[in-house]
$ cat work-v8.pdb   # PDB, C-alpha atoms and all ligand atoms
MODEL        1
ATOM      1  CA  MET A   1      50.531   7.457  96.124  1.00  0.00           C
ATOM      2  CA  GLN A   2      49.676  10.650  94.334  1.00  0.00           C
ATOM      3  CA  ILE A   3      52.234  13.427  94.208  1.00  0.00           C
ATOM      4  CA  PHE A   4      51.266  17.066  94.292  1.00  0.00           C
ATOM      5  CA  GLU A   5      53.516  20.045  93.755  1.00  0.00           C
ATOM      6  CA  CYS A   6      52.944  23.559  95.020  1.00  0.00           C
ATOM      7  CA  VAL A   7      52.496  25.942  92.097  1.00  0.00           C
ATOM      8  CA  SER A   8      54.256  28.650  94.065  1.00  0.00           C
ATOM      9  CA  CYS A   9      57.181  27.219  96.060  1.00  0.00           C
ATOM     10  CA  GLY A  10      57.518  23.702  94.596  1.00  0.00           C
ATOM     11  CA  THR A  11      56.919  21.807  97.835  1.00  0.00           C
ATOM     12  CA  LEU A  12      56.041  18.167  97.172  1.00  0.00           C
ATOM     13  CA  VAL A  13      53.235  16.404  99.013  1.00  0.00           C
ATOM     14  CA  GLY A  14      52.213  12.780  98.586  1.00  0.00           C
ATOM     15  CA  THR A  15      48.771  11.500  99.488  1.00  0.00           C
ATOM     16  CA  GLU A  16      47.063   8.158  99.725  1.00  0.00           C
ATOM     17  CA  ASN A  17      43.522   7.132  98.826  1.00  0.00           C
ATOM     18  CA  ASP A  18      43.268   9.719  96.040  1.00  0.00           C
ATOM     19  CA  LYS A  19      43.038  12.545  98.499  1.00  0.00           C
ATOM     20  CA  GLU A  20      43.844  15.984  97.213  1.00  0.00           C
ATOM     21  CA  PRO A  21      45.664  18.382  99.504  1.00  0.00           C
ATOM     22  CA  LEU A  22      43.833  21.645  99.947  1.00  0.00           C
ATOM     23  CA  SER A  23      46.896  23.827 100.043  1.00  0.00           C
ATOM     24  CA  CYS A  24      50.673  23.880 100.312  1.00  0.00           C
ATOM     25  CA  PRO A  25      51.959  22.999 103.815  1.00  0.00           C
ATOM     26  CA  MET A  26      54.505  25.812 103.543  1.00  0.00           C
ATOM     27  CA  CYS A  27      52.919  28.759 101.756  1.00  0.00           C
ATOM     28  CA  ARG A  28      49.242  27.796 101.488  1.00  0.00           C
ATOM     29  CA  SER A  29      49.262  28.090  97.688  1.00  0.00           C
ATOM     30  CA  ARG A  30      47.415  25.748  95.381  1.00  0.00           C
ATOM     31  CA  MET A  31      48.831  22.262  94.722  1.00  0.00           C
ATOM     32  CA  ARG A  32      48.837  20.634  91.303  1.00  0.00           C
ATOM     33  CA  LEU A  33      48.938  16.935  90.530  1.00  0.00           C
ATOM     34  CA  LEU A  34      52.264  15.711  89.168  1.00  0.00           C
ATOM     35  CA  GLU A  35      52.465  12.841  86.697  1.00  0.00           C
ATOM     36  CA  GLU A  36      55.900  11.857  87.960  1.00  0.00           C
ATOM     37  CA  GLU A  37      56.485   8.957  90.298  1.00  0.00           C
ATOM     38  CA  ILE A  38      58.332  10.255  93.311  1.00  0.00           C
ATOM     39  CA  GLU A  39      58.742   8.338  96.512  1.00  0.00           C
ATOM     40  CA  LEU A  40      58.153  10.392  99.625  1.00  0.00           C
ATOM     41  CA  LYS A  41      58.979   8.507 102.805  1.00  0.00           C
ATOM     42  CA  LYS A  42      58.252  10.838 105.667  1.00  0.00           C
ATOM     43  CA  LYS A  43      54.683  10.542 106.864  1.00  0.00           C
ATOM     44  CA  ILE A  44      53.065  13.499 108.555  1.00  0.00           C
ATOM     45  CA  GLU A  45      49.932  12.898 110.575  1.00  0.00           C
ATOM     46  CA  CYS A  46      47.743  15.802 111.448  1.00  0.00           C
ATOM     47  CA  PRO A  47      46.421  15.626 115.023  1.00  0.00           C
ATOM     48  CA  ASP A  48      43.605  17.969 114.127  1.00  0.00           C
ATOM     49  CA  CYS A  49      41.886  16.601 111.004  1.00  0.00           C
ATOM     50  CA  GLU A  50      43.502  13.117 111.268  1.00  0.00           C
ATOM     51  CA  ASN A  51      44.565  13.136 107.642  1.00  0.00           C
ATOM     52  CA  SER A  52      48.097  12.174 106.736  1.00  0.00           C
ATOM     53  CA  PHE A  53      50.427  13.094 103.924  1.00  0.00           C
ATOM     54  CA  PHE A  54      53.979  12.352 102.826  1.00  0.00           C
ATOM     55  CA  VAL A  55      56.879  14.733 102.381  1.00  0.00           C
ATOM     56  CA  LYS A  56      60.621  14.603 101.673  1.00  0.00           C
ATOM     57  CA  GLU A  57      62.700  13.293 104.553  1.00  0.00           C
ATOM     58  CA  ASP A  58      64.304  16.620 105.414  1.00  0.00           C
ATOM     59  CA  PHE A  59      61.059  18.542 105.172  1.00  0.00           C
ATOM     60  CA  ASN A  60      59.165  19.863 108.163  1.00  0.00           C
ATOM     61  CA  PRO A  61      55.734  21.167 107.261  1.00  0.00           C
ATOM     62  CA  TYR A  62      54.475  24.409 108.669  1.00  0.00           C
ATOM     63  CA  LYS A  63      50.798  23.717 108.077  1.00  0.00           C
ATOM     64  CA  CYS A  64      48.678  20.661 107.491  1.00  0.00           C
ATOM     65  CA  ALA A  65      48.003  20.133 103.779  1.00  0.00           C
ATOM     66  CA  PHE A  66      44.345  19.394 104.499  1.00  0.00           C
ATOM     67  CA  CYS A  67      43.316  21.848 107.192  1.00  0.00           C
ATOM     68  CA  ASN A  68      44.532  24.949 108.948  1.00  0.00           C
ATOM     69  CA  TYR A  69      46.491  23.164 111.683  1.00  0.00           C
ATOM     70  CA  THR A  70      49.944  24.627 112.408  1.00  0.00           C
ATOM     71  CA  PHE A  71      52.676  22.184 113.391  1.00  0.00           C
ATOM     72  CA  VAL A  72      54.868  23.194 116.297  1.00  0.00           C
ATOM     73  CA  THR A  73      58.447  23.493 115.139  1.00  0.00           C
ATOM     74  CA  SER A  74      61.384  25.329 116.594  1.00  0.00           C
ATOM     75  CA  PRO A  75      61.958  28.273 114.261  1.00  0.00           C
ATOM     76  CA  HIS A  76      65.580  28.720 115.315  1.00  0.00           C
ATOM     77  CA  ARG A  77      66.589  25.046 115.140  1.00  0.00           C
ATOM     78  CA  ARG A  78      67.388  25.010 118.836  1.00  0.00           C
ATOM     79  CA  THR A  79      66.053  21.550 119.666  1.00  0.00           C
ATOM     80  CA  GLU A  80      65.583  20.149 116.199  1.00  0.00           C
ATOM     81  CA  GLU A  81      68.596  17.851 116.118  1.00  0.00           C
ATOM     82  CA  ARG A  82      68.030  16.371 119.559  1.00  0.00           C
ATOM     83  CA  LEU A  83      66.532  12.885 119.594  1.00  0.00           C
TER
HETATM   84 ZN    ZN B   1      54.064  26.350  98.525  1.00  0.00          ZN
HETATM   85 ZN    ZN B   2      44.924  18.695 109.282  1.00  0.00          ZN
ENDMDL
END

$ encode --input "work-v8.pdb" --output "structure tokens"
Amino acid sequence: MQIFECVSCGTLVGTENDKEPLSCPMCRSRMRLLEEEIELKKKIECPDCENSFFVKEDFNPYKCAFCNYTFVTSPHRRTEERL
């Protein structure tokens, strides 16, 4: 896994197969490759471009790291905790 960090907000994104994320899933800034080994366990699959990336467990991406797809999340945490 390769770990990338957003140069602007510090969001971490992990990718497989040497794929480079195009932009930060939160603020759309550039991502830079980190040398550190960080394990990111939460896998996000994009239904639009079919790429996947990894984030921290408590992180909910706003955008796909590879395309312009916007994930549907509840902005006011109304249904977030319901399983
Ligand atoms: Zn960012
Ligand atoms: Zn995508």

$ atom_distance --input "work-v8.pdb" --atom1 "CA of Phe59 (chain A)" --atom2 "CA of Lys42 (chain A)"
8.2 Å

$ closest_residue --input "work-v8.pdb" --among "A:Asp18, A:Cys27, A:Lys41, A:Met1" --to "Val55 (chain A)" --atoms "all atoms listed in the file"
A:Lys41

$ resolve_selection --input "work-v8.pdb" --expression "the PyMOL selection byres (((chain A and resi 62) around 12) and not hetatm)" --output "list in words"
Thr11, Ser23, Cys24, Pro25, Met26, Cys27, Arg28, Ile44, Cys46, Val55, Phe59, Asn60, Pro61, Lys63, Cys64, Ala65, Cys67, Asn68, Tyr69, Thr70, Phe71, Val72, Thr73, Ser74 and Pro75 of chain A

$ closest_residue --input "work-v8.pdb" --among "A:Glu5, A:Glu39, A:Leu33, A:Leu22" --to "ligand ZN 2 (chain B)" --atoms "all atoms listed in the file"
A:Leu22

$ closest_residue --input "work-v8.pdb" --among "A:Glu57, A:Glu16, A:Ile38, A:Phe4" --to "ligand ZN 1 (chain B)" --atoms "all atoms listed in the file"
A:Phe4

$ resolve_selection --input "work-v8.pdb" --expression "the PyMOL selection byres (((chain A and resi 14) around 6) and not hetatm)" --output "list in words"
Gln2, Ile3, Val13, Thr15, Phe53 and Phe54 of chain A

$ decode --input "work-v8.pdb" --residues "chain A" --atoms "C-alpha atoms" --output "short mmCIF file (atom, residue, chain, number, x, y, z; two decimals), in the first residue's frame"
data_model
loop_
_atom_site.label_atom_id
_atom_site.label_comp_id
_atom_site.auth_asym_id
_atom_site.auth_seq_id
_atom_site.Cartn_x
_atom_site.Cartn_y
_atom_site.Cartn_z
CA MET A 1 0.00 0.00 0.00
CA GLN A 2 1.16 3.49 -0.79
CA ILE A 3 0.21 6.31 1.53
CA PHE A 4 -0.50 9.79 0.28
CA GLU A 5 -1.05 12.90 2.35
CA CYS A 6 -2.94 16.00 1.31
CA VAL A 7 -0.58 18.98 1.17
CA SER A 8 -3.38 21.22 2.36
CA CYS A 9 -5.50 19.48 5.02
CA GLY A 10 -3.38 16.41 5.86
CA THR A 11 -5.96 13.79 4.88
CA LEU A 12 -4.36 10.38 4.41
CA VAL A 13 -5.23 8.13 1.49
CA GLY A 14 -3.84 4.67 0.83
CA THR A 15 -3.80 3.08 -2.60
CA GLU A 16 -2.99 -0.28 -4.06
CA ASN A 17 -1.26 -1.21 -7.31
CA ASP A 18 0.88 1.94 -7.30
CA LYS A 19 -2.06 4.11 -8.15
CA GLU A 20 -1.73 7.79 -7.42
CA PRO A 21 -4.79 9.65 -6.19
CA LEU A 22 -5.61 12.65 -8.32
CA SER A 23 -6.73 14.87 -5.49
CA CYS A 24 -7.68 15.00 -1.83
CA PRO A 25 -11.07 13.38 -1.07
CA MET A 26 -11.89 16.28 1.26
CA CYS A 27 -10.54 19.49 -0.24
CA ARG A 28 -9.41 18.48 -3.73
CA SER A 29 -5.84 19.65 -3.11
CA ARG A 30 -2.78 17.83 -4.36
CA MET A 31 -1.63 14.65 -2.59
CA ARG A 32 2.01 13.86 -1.89
CA LEU A 33 3.55 10.45 -1.37
CA LEU A 34 4.53 9.70 2.22
CA GLU A 35 7.50 7.49 3.04
CA GLU A 36 5.89 6.37 6.29
CA GLU A 37 4.19 3.03 6.70
CA ILE A 38 0.68 3.67 7.92
CA GLU A 39 -2.04 1.08 7.94
CA LEU A 40 -5.37 2.33 6.69
CA LYS A 41 -8.15 -0.21 7.12
CA LYS A 42 -11.28 1.37 5.75
CA LYS A 43 -11.72 0.67 2.07
CA ILE A 44 -13.71 3.09 -0.03
CA GLU A 45 -14.95 1.92 -3.40
CA CYS A 46 -16.04 4.46 -5.92
CA PRO A 47 -19.19 3.41 -7.80
CA ASP A 48 -18.35 5.79 -10.60
CA CYS A 49 -14.74 5.12 -11.67
CA GLU A 50 -14.51 1.73 -9.86
CA ASN A 51 -11.23 2.63 -8.21
CA SER A 52 -10.78 2.04 -4.51
CA PHE A 53 -8.71 3.67 -1.83
CA PHE A 54 -8.12 3.34 1.90
CA VAL A 55 -8.74 5.86 4.64
CA LYS A 56 -8.71 6.04 8.45
CA GLU A 57 -11.55 4.18 10.12
CA ASP A 58 -13.40 7.28 11.29
CA PHE A 59 -13.01 9.08 7.99
CA ASN A 60 -15.83 9.60 5.53
CA PRO A 61 -14.64 10.95 2.21
CA TYR A 62 -16.48 13.72 0.49
CA LYS A 63 -15.11 13.05 -2.98
CA CYS A 64 -13.49 10.13 -4.73
CA ALA A 65 -9.69 10.46 -4.74
CA PHE A 66 -9.56 9.43 -8.39
CA CYS A 67 -12.50 11.16 -10.04
CA ASN A 68 -15.09 13.81 -9.38
CA TYR A 69 -17.67 11.52 -7.76
CA THR A 70 -19.31 12.90 -4.60
CA PHE A 71 -20.20 10.40 -1.89
CA VAL A 72 -23.60 10.79 -0.30
CA THR A 73 -23.19 11.49 3.39
CA SER A 74 -25.52 13.04 5.90
CA PRO A 75 -24.04 16.47 6.62
CA HIS A 76 -25.80 16.80 9.97
CA ARG A 77 -24.99 13.30 11.28
CA ARG A 78 -28.67 12.44 11.45
CA THR A 79 -28.46 8.84 10.27
CA GLU A 80 -24.75 8.26 10.49
CA GLU A 81 -24.70 6.16 13.64
CA ARG A 82 -27.57 3.90 12.63
CA LEU A 83 -26.56 0.45 11.43
#
